[in-house]
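Dumped data.pdb below, it's PDB, C-alpha atoms:
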ATOM      1  CA  MET A  19     208.157 155.260 294.426
ATOM      2  CA  PRO A  20     208.140 158.977 293.510
ATOM      3  CA  LYS A  21     204.817 160.661 292.905
ATOM      4  CA  PRO A  22     203.897 162.298 289.586
ATOM      5  CA  LEU A  23     204.876 165.961 289.767
ATOM      6  CA  VAL A  24     202.624 168.905 288.960
ATOM      7  CA  ARG A  25     204.418 172.237 288.922
ATOM      8  CA  ILE A  26     202.251 175.264 289.678
ATOM      9  CA  TYR A  27     203.211 178.845 288.872
ATOM     10  CA  THR A  28     201.292 181.371 290.947
ATOM     11  CA  ASP A  29     201.247 184.989 292.104
ATOM     12  CA  TYR A  30     199.656 186.323 295.280
ATOM     13  CA  LYS A  31     198.172 189.336 293.503
ATOM     14  CA  SER A  32     196.237 187.213 290.996
ATOM     15  CA  PRO A  33     192.553 186.723 291.887
ATOM     16  CA  TYR A  34     192.309 183.642 289.707
ATOM     17  CA  ALA A  35     195.353 182.079 291.366
ATOM     18  CA  PHE A  36     193.693 182.695 294.744
ATOM     19  CA  VAL A  37     190.452 180.941 293.868
ATOM     20  CA  ALA A  38     192.238 177.981 292.204
ATOM     21  CA  ASN A  39     194.158 177.012 295.356
ATOM     22  CA  ARG A  40     191.579 174.725 296.912
ATOM     23  CA  ARG A  41     191.142 172.466 293.882
ATOM     24  CA  LEU A  42     194.875 172.315 293.275
ATOM     25  CA  PHE A  43     195.669 171.246 296.839
ATOM     26  CA  GLU A  44     192.938 168.603 296.584
ATOM     27  CA  LEU A  45     194.917 166.908 293.799
ATOM     28  CA  GLU A  46     197.449 165.748 296.384
ATOM     29  CA  GLU A  47     194.738 163.692 298.103
ATOM     30  CA  THR A  48     192.557 162.703 295.167
ATOM     31  CA  HIS A  49     195.244 161.902 292.608
ATOM     32  CA  GLY A  50     198.385 161.241 294.636
ATOM     33  CA  VAL A  51     200.506 163.850 292.905
ATOM     34  CA  GLU A  52     203.260 166.019 294.329
ATOM     35  CA  LEU A  53     202.752 169.754 293.901
ATOM     36  CA  GLU A  54     205.701 172.065 293.354
ATOM     37  CA  TRP A  55     204.693 175.706 293.834
ATOM     38  CA  LEU A  56     206.792 178.377 292.160
ATOM     39  CA  PRO A  57     206.367 182.138 291.787
ATOM     40  CA  TYR A  58     205.580 183.733 288.472
ATOM     41  CA  THR A  59     205.510 187.336 289.605
ATOM     42  CA  LEU A  60     203.330 189.195 287.135
ATOM     43  CA  ARG A  61     204.731 192.466 285.796
ATOM     44  CA  VAL A  62     201.399 194.211 285.419
ATOM     45  CA  ALA A  63     202.519 197.144 283.296
ATOM     46  CA  GLU A  64     204.230 194.763 280.879
ATOM     47  CA  PHE A  65     201.056 192.952 279.834
ATOM     48  CA  MET A  66     198.407 195.537 280.734
ATOM     49  CA  GLY A  67     200.232 198.689 279.694
ATOM     50  CA  THR A  68     200.377 201.875 281.717
ATOM     51  CA  VAL A  69     197.208 203.266 283.272
ATOM     52  CA  GLU A  70     197.218 206.095 280.717
ATOM     53  CA  GLU A  71     197.234 203.595 277.820
ATOM     54  CA  ARG A  72     194.238 201.572 279.004
ATOM     55  CA  THR A  73     191.026 201.941 277.014
ATOM     56  CA  PRO A  74     187.389 201.799 278.185
ATOM     57  CA  HIS A  75     187.230 198.333 276.606
ATOM     58  CA  PHE A  76     190.148 197.266 278.813
ATOM     59  CA  TRP A  77     188.474 198.529 281.997
ATOM     60  CA  ARG A  78     185.217 196.733 281.162
ATOM     61  CA  LYS A  79     187.214 193.523 280.807
ATOM     62  CA  VAL A  80     189.023 194.117 284.120
ATOM     63  CA  ARG A  81     185.777 194.792 285.988
ATOM     64  CA  TYR A  82     184.253 191.618 284.598
ATOM     65  CA  ALA A  83     187.349 189.559 285.466
ATOM     66  CA  TYR A  84     187.202 190.634 289.116
ATOM     67  CA  MET A  85     183.444 190.056 289.260
ATOM     68  CA  ASP A  86     183.936 186.572 287.850
ATOM     69  CA  ALA A  87     186.768 185.744 290.268
ATOM     70  CA  ARG A  88     184.636 187.037 293.150
ATOM     71  CA  ARG A  89     181.925 184.539 292.198
ATOM     72  CA  TYR A  90     184.428 181.702 292.618
ATOM     73  CA  ALA A  91     185.648 183.231 295.882
ATOM     74  CA  ASN A  92     182.129 183.579 297.283
ATOM     75  CA  ALA A  93     181.368 179.948 296.428
ATOM     76  CA  GLN A  94     184.340 178.947 298.609
ATOM     77  CA  GLY A  95     183.539 181.341 301.449
ATOM     78  CA  LEU A  96     186.585 183.493 300.623
ATOM     79  CA  VAL A  97     186.794 187.255 301.019
ATOM     80  CA  MET A  98     187.996 189.039 297.874
ATOM     81  CA  LYS A  99     188.349 192.797 297.886
ATOM     82  CA  GLY A 100     189.712 194.585 294.827
ATOM     83  CA  PRO A 101     193.404 195.587 295.016
ATOM     84  CA  ARG A 102     193.969 199.115 296.259
ATOM     85  CA  ARG A 103     196.901 199.755 293.896
ATOM     86  CA  ILE A 104     199.475 198.034 291.695
ATOM     87  CA  TYR A 105     201.783 195.806 293.730
ATOM     88  CA  ASP A 106     205.253 194.380 293.223
ATOM     89  CA  ALA A 107     204.929 190.890 294.711
ATOM     90  CA  PHE A 108     208.675 190.143 294.908
ATOM     91  CA  TYR A 109     208.857 189.896 298.719
ATOM     92  CA  SER A 110     205.822 187.614 298.928
ATOM     93  CA  SER A 111     207.130 185.501 296.039
ATOM     94  CA  VAL A 112     210.530 184.863 297.604
ATOM     95  CA  GLY A 113     208.749 184.316 300.901
ATOM     96  CA  MET A 114     207.033 181.407 299.138
ATOM     97  CA  LEU A 115     210.417 179.908 298.246
ATOM     98  CA  PHE A 116     211.759 180.468 301.761
ATOM     99  CA  ALA A 117     208.662 178.916 303.352
ATOM    100  CA  GLN A 118     208.927 175.776 301.216
ATOM    101  CA  ARG A 119     212.584 175.388 302.110
ATOM    102  CA  HIS A 120     211.846 175.675 305.817
ATOM    103  CA  GLY A 121     208.765 173.478 306.032
ATOM    104  CA  PHE A 122     205.902 175.934 306.507
ATOM    105  CA  PHE A 123     204.743 176.554 302.959
ATOM    106  CA  ARG A 124     201.034 175.830 303.391
ATOM    107  CA  PRO A 125     200.390 178.158 306.362
ATOM    108  CA  TYR A 126     202.466 180.872 304.716
ATOM    109  CA  HIS A 127     200.738 180.460 301.357
ATOM    110  CA  ASP A 128     197.233 180.462 302.811
ATOM    111  CA  THR A 129     197.961 183.421 305.091
ATOM    112  CA  VAL A 130     199.438 185.632 302.379
ATOM    113  CA  PHE A 131     196.603 184.969 299.942
ATOM    114  CA  ARG A 132     193.873 185.408 302.572
ATOM    115  CA  LYS A 133     195.288 188.568 304.126
ATOM    116  CA  PHE A 134     196.153 190.239 300.843
ATOM    117  CA  TRP A 135     192.679 189.772 299.396
ATOM    118  CA  SER A 136     191.030 190.959 302.606
ATOM    119  CA  HIS A 137     193.223 194.108 302.659
ATOM    120  CA  GLU A 138     195.128 192.998 305.763
ATOM    121  CA  LEU A 139     198.568 192.651 304.138
ATOM    122  CA  GLU A 140     200.761 194.741 301.850
ATOM    123  CA  ILE A 141     202.689 192.145 299.867
ATOM    124  CA  ASP A 142     205.352 194.625 298.748
ATOM    125  CA  ASP A 143     206.252 195.553 302.325
ATOM    126  CA  LEU A 144     209.275 193.560 303.523
ATOM    127  CA  ALA A 145     208.416 194.067 307.198
ATOM    128  CA  ALA A 146     204.863 192.813 306.641
ATOM    129  CA  ILE A 147     206.028 189.668 304.829
ATOM    130  CA  THR A 148     208.658 189.097 307.500
ATOM    131  CA  ASP A 149     205.897 189.220 310.105
ATOM    132  CA  VAL A 150     204.038 186.470 308.229
ATOM    133  CA  ILE A 151     207.248 184.406 308.125
ATOM    134  CA  LYS A 152     207.618 184.832 311.909
ATOM    135  CA  SER A 153     203.960 183.972 312.546
ATOM    136  CA  CYS A 154     204.510 180.671 310.706
ATOM    137  CA  GLY A 155     207.540 179.801 312.825
ATOM    138  CA  GLY A 156     210.252 181.045 310.473
ATOM    139  CA  SER A 157     213.321 183.118 311.266
ATOM    140  CA  ALA A 158     213.064 186.814 310.450
ATOM    141  CA  SER A 159     216.837 187.250 310.310
ATOM    142  CA  GLU A 160     217.311 184.276 307.977
ATOM    143  CA  PHE A 161     214.544 185.490 305.690
ATOM    144  CA  GLU A 162     215.938 189.012 305.490
ATOM    145  CA  ALA A 163     219.416 187.607 304.801
ATOM    146  CA  TYR A 164     217.901 185.574 301.970
ATOM    147  CA  VAL A 165     216.072 188.609 300.560
ATOM    148  CA  ASN A 166     219.267 190.678 300.655
ATOM    149  CA  GLY A 167     221.347 187.797 299.304
ATOM    150  CA  PRO A 168     220.454 185.185 296.669
ATOM    151  CA  ALA A 169     216.681 185.732 296.523
ATOM    152  CA  ARG A 170     216.566 188.107 293.552
ATOM    153  CA  ALA A 171     218.760 185.916 291.349
ATOM    154  CA  GLU A 172     216.764 182.785 292.241
ATOM    155  CA  HIS A 173     213.441 184.555 291.693
ATOM    156  CA  ASP A 174     214.484 185.883 288.276
ATOM    157  CA  ARG A 175     215.906 182.520 287.210
ATOM    158  CA  ILE A 176     212.592 180.794 288.027
ATOM    159  CA  ILE A 177     210.670 183.332 285.947
ATOM    160  CA  ASP A 178     213.097 183.017 283.046
ATOM    161  CA  GLU A 179     212.718 179.218 283.162
ATOM    162  CA  ALA A 180     208.931 179.558 283.308
ATOM    163  CA  GLU A 181     208.861 181.784 280.254
ATOM    164  CA  ALA A 182     211.137 179.384 278.399
ATOM    165  CA  LEU A 183     208.431 176.753 279.021
ATOM    166  CA  GLY A 184     205.798 179.114 277.604
ATOM    167  CA  VAL A 185     204.281 180.446 280.860
ATOM    168  CA  PHE A 186     202.628 183.856 280.496
ATOM    169  CA  GLY A 187     200.064 184.012 283.318
ATOM    170  CA  VAL A 188     198.837 182.385 286.508
ATOM    171  CA  PRO A 189     197.843 179.959 287.680
ATOM    172  CA  THR A 190     199.733 177.793 285.209
ATOM    173  CA  MET A 191     200.107 174.098 285.893
ATOM    174  CA  VAL A 192     202.813 172.059 284.172
ATOM    175  CA  PHE A 193     202.435 168.293 284.005
ATOM    176  CA  ASN A 194     204.696 166.063 281.949
ATOM    177  CA  GLY A 195     205.801 169.067 279.917
ATOM    178  CA  GLU A 196     202.254 170.197 279.064
ATOM    179  CA  LEU A 197     200.930 173.592 280.199
ATOM    180  CA  PHE A 198     197.443 174.262 281.580
ATOM    181  CA  TRP A 199     196.608 177.926 282.213
ATOM    182  CA  GLY A 200     193.800 178.960 284.528
ATOM    183  CA  GLY A 201     191.610 177.308 287.115
ATOM    184  CA  ASP A 202     189.150 176.328 284.404
ATOM    185  CA  ARG A 203     191.828 174.001 282.986
ATOM    186  CA  ILE A 204     192.111 171.930 286.169
ATOM    187  CA  ASP A 205     189.593 169.393 284.847
ATOM    188  CA  MET A 206     191.713 169.009 281.716
ATOM    189  CA  LEU A 207     194.805 168.569 283.895
ATOM    190  CA  ILE A 208     193.015 165.861 285.898
ATOM    191  CA  GLU A 209     192.097 164.073 282.690
ATOM    192  CA  ARG A 210     195.780 164.007 281.722
ATOM    193  CA  ILE A 211     196.836 162.820 285.181
ATOM    194  CA  GLU A 212     194.382 159.940 285.001
ATOM    195  CA  ARG A 213     195.810 158.615 281.742
ATOM    196  CA  PRO A 214     198.078 155.654 282.588
ATOM    197  CA  GLU A 215     200.564 156.513 279.841
ATOM    198  CA  THR A 216     201.047 160.078 281.088
ATOM    199  CA  ILE A 217     201.673 158.878 284.651
ATOM    200  CA  GLU A 218     204.339 156.486 283.391
ATOM    201  CA  ALA A 219     205.936 159.248 281.341
ATOM    202  CA  ALA A 220     205.903 161.681 284.269
ATOM    203  CA  LEU A 221     207.457 159.157 286.647
ATOM    204  CA  GLY A 222     210.050 158.212 284.041
ATOM    205  CA  SER A 223     211.011 161.847 283.591
ATOM    206  CA  ARG A 224     211.427 162.333 287.359
ATOM    207  CA  HIS A 225     213.530 159.168 287.582
ATOM    208  CA  ARG A 226     215.851 160.302 284.775
ATOM    209  CA  LYS A 227     216.369 163.673 286.453
ATOM    210  CA  SER A 228     217.264 162.026 289.770
ATOM    211  CA  VAL A 229     219.824 159.635 288.311
TER
END

In structure tokens, write the structure found in this file.
Amino acid sequence: MPKPLVRIYTDYKSPYAFVANRRLFELEETHGVELEWLPYTLRVAEFMGTVEERTPHFWRKVRYAYMDARRYANAQGLVMKGPRRIYDAFYSSVGMLFAQRHGFFRPYHDTVFRKFWSHELEIDDLAAITDVIKSCGGSASEFEAYVNGPARAEHDRIIDEAEALGVFGVPTMVFNGELFWGGDRIDMLIERIERPETIEAALGSRHRKSV
């Protein structure tokens, strides 16, 4: 019997995605769902504008957002240091796909998040991400071949599909076609999962796709 599927779009440079991880992974144990993790690599300038365009109101909002995320991080015993610059998370995002395909997603995922937010990892450095892949038991040569081969097209296709669903930020959870954005929507997601009719619908959808 297949498990109900929850798709999660995430980005390693999002503080709110970082602090939502623990509760999302717990759903596998507490609610018997299967989690599918996919990258939604945020294009910061696209939704925040250039640095020159940002107003004092914007910076007050940003400072509060990081303070708020740090509260959640501290409650979980996580280290969260503010980003040192704007990052392109492409290499870390396709590393996520590669790690899932080769059976070491969880150690890769946890390592990248932890090291990035403690200033131990540059997620836009191919060599640094390759080192994480190797530390998790993956092949450096296979990963680099993937990065230089089909990775970009696969990455962009996933983002296009996400945006067609209505995704605009992370973490976004998709269950039975319904979107839930942000860690503060996990309780609402759980409420949907616990409804018998939504479980039946989710399982029916997975069955139809597999036939």

I need the residue set behind the PyMOL selection byres ((chain A and resi 83-90) around 9) for this file; please write it as a PyMOL selection string. chain A and resi 33-34+36-38+78-82+91-100

Please produce a file of those selected residues containing C-alpha atoms, as a CSV table (one decimal), in the coordinates of the input.
chain,number,residue,atom,x,y,z
A,33,PRO,CA,192.6,186.7,291.9
A,34,TYR,CA,192.3,183.6,289.7
A,36,PHE,CA,193.7,182.7,294.7
A,37,VAL,CA,190.5,180.9,293.9
A,38,ALA,CA,192.2,178.0,292.2
A,78,ARG,CA,185.2,196.7,281.2
A,79,LYS,CA,187.2,193.5,280.8
A,80,VAL,CA,189.0,194.1,284.1
A,81,ARG,CA,185.8,194.8,286.0
A,82,TYR,CA,184.3,191.6,284.6
A,91,ALA,CA,185.6,183.2,295.9
A,92,ASN,CA,182.1,183.6,297.3
A,93,ALA,CA,181.4,179.9,296.4
A,94,GLN,CA,184.3,178.9,298.6
A,95,GLY,CA,183.5,181.3,301.4
A,96,LEU,CA,186.6,183.5,300.6
A,97,VAL,CA,186.8,187.3,301.0
A,98,MET,CA,188.0,189.0,297.9
A,99,LYS,CA,188.3,192.8,297.9
A,100,GLY,CA,189.7,194.6,294.8

Hits of the PyMOL selection byres ((chain A and resi 30-32) around 10) in this structure, as a PyMOL selection string: chain A and resi 28-29+33-37+57-60+62+84+87+101+104-108+110-111+114+127-128+130-132+134-135+141+187-189

Residue nearest A:Met191 - candidates A:Leu115, A:Met19, A:Ala145, A:Leu207, atoms counted: only C-alpha atoms: A:Leu207

A:Glu160 surroundings by only C-alpha atoms, 12 Å radius, close-in-sequence under 3 positions cut, as an mmCIF file with C-alpha atoms, in the frame of the given file:
data_model
loop_
_atom_site.group_PDB
_atom_site.id
_atom_site.type_symbol
_atom_site.label_atom_id
_atom_site.label_comp_id
_atom_site.auth_asym_id
_atom_site.auth_seq_id
_atom_site.Cartn_x
_atom_site.Cartn_y
_atom_site.Cartn_z
ATOM 1 C CA GLY A 113 208.749 184.316 300.901
ATOM 2 C CA PHE A 116 211.759 180.468 301.761
ATOM 3 C CA ALA A 117 208.662 178.916 303.352
ATOM 4 C CA ARG A 119 212.584 175.388 302.110
ATOM 5 C CA HIS A 120 211.846 175.675 305.817
ATOM 6 C CA THR A 148 208.658 189.097 307.500
ATOM 7 C CA ILE A 151 207.248 184.406 308.125
ATOM 8 C CA LYS A 152 207.618 184.832 311.909
ATOM 9 C CA GLY A 155 207.540 179.801 312.825
ATOM 10 C CA GLY A 156 210.252 181.045 310.473
ATOM 11 C CA SER A 157 213.321 183.118 311.266
ATOM 12 C CA ALA A 163 219.416 187.607 304.801
ATOM 13 C CA TYR A 164 217.901 185.574 301.970
ATOM 14 C CA VAL A 165 216.072 188.609 300.560
ATOM 15 C CA ASN A 166 219.267 190.678 300.655
ATOM 16 C CA GLY A 167 221.347 187.797 299.304
ATOM 17 C CA PRO A 168 220.454 185.185 296.669
ATOM 18 C CA ALA A 169 216.681 185.732 296.523
#

Pairwise distance, atom CA of A:Ile176 with atom CA of A:Leu56, equals 7.5 Å

Calculate how many Å separate atom CA of A:Ser159 from atom CA of A:Arg175, rounding to one decimal. 23.6 Å

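The result of the PyMOL selection byres ((chain A and resi 199) around 6) on the shown file is Pro189, Thr190, Phe198 and Gly200 of chain A.
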
Output C-alpha atoms of each residue in that selection to a file, as a PDB file, keeping the file's coordinate frame.
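Contents of out33.pdb, as written:
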ATOM      1  CA  PRO A 189     197.843 179.959 287.680  1.00  0.00           C
ATOM      2  CA  THR A 190     199.733 177.793 285.209  1.00  0.00           C
ATOM      3  CA  PHE A 198     197.443 174.262 281.580  1.00  0.00           C
ATOM      4  CA  GLY A 200     193.800 178.960 284.528  1.00  0.00           C
TER       5      GLY A 200
END

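In this structure, atom CA of A:Val150 sits 20.8 Å away from atom CA of A:Glu172.
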
Which is closest to A:Pro22 among A:Val51, A:Leu42, A:Val185, A:Ala180, if we use all atoms listed in the file? A:Val51

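Here the residues that fall within 7 Å of (201.5, 164.2, 291.9), using only C-alpha atoms, are given as Lys21, Pro22, Leu23, Val24, Glu46, His49, Gly50, Val51, Glu52 and Leu53 of chain A.
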
Taking all atoms listed in the file into account, name the residue in A:Phe186, A:Ile211, A:Gly195, A:Pro125 that is nearest to A:Arg61. A:Phe186

Name all residues at most 10 Å from A:Gly184 (count all atoms listed in the file; drop same-chain ones fewer than 5 positions away) and give them as a PDB file with C-alpha atoms, keeping the file's coordinate frame.
ATOM      1  CA  ASP A 178     213.097 183.017 283.046  1.00  0.00           C
ATOM      2  CA  GLU A 179     212.718 179.218 283.162  1.00  0.00           C
ATOM      3  CA  THR A 190     199.733 177.793 285.209  1.00  0.00           C
ATOM      4  CA  GLU A 196     202.254 170.197 279.064  1.00  0.00           C
ATOM      5  CA  LEU A 197     200.930 173.592 280.199  1.00  0.00           C
TER       6      LEU A 197
END
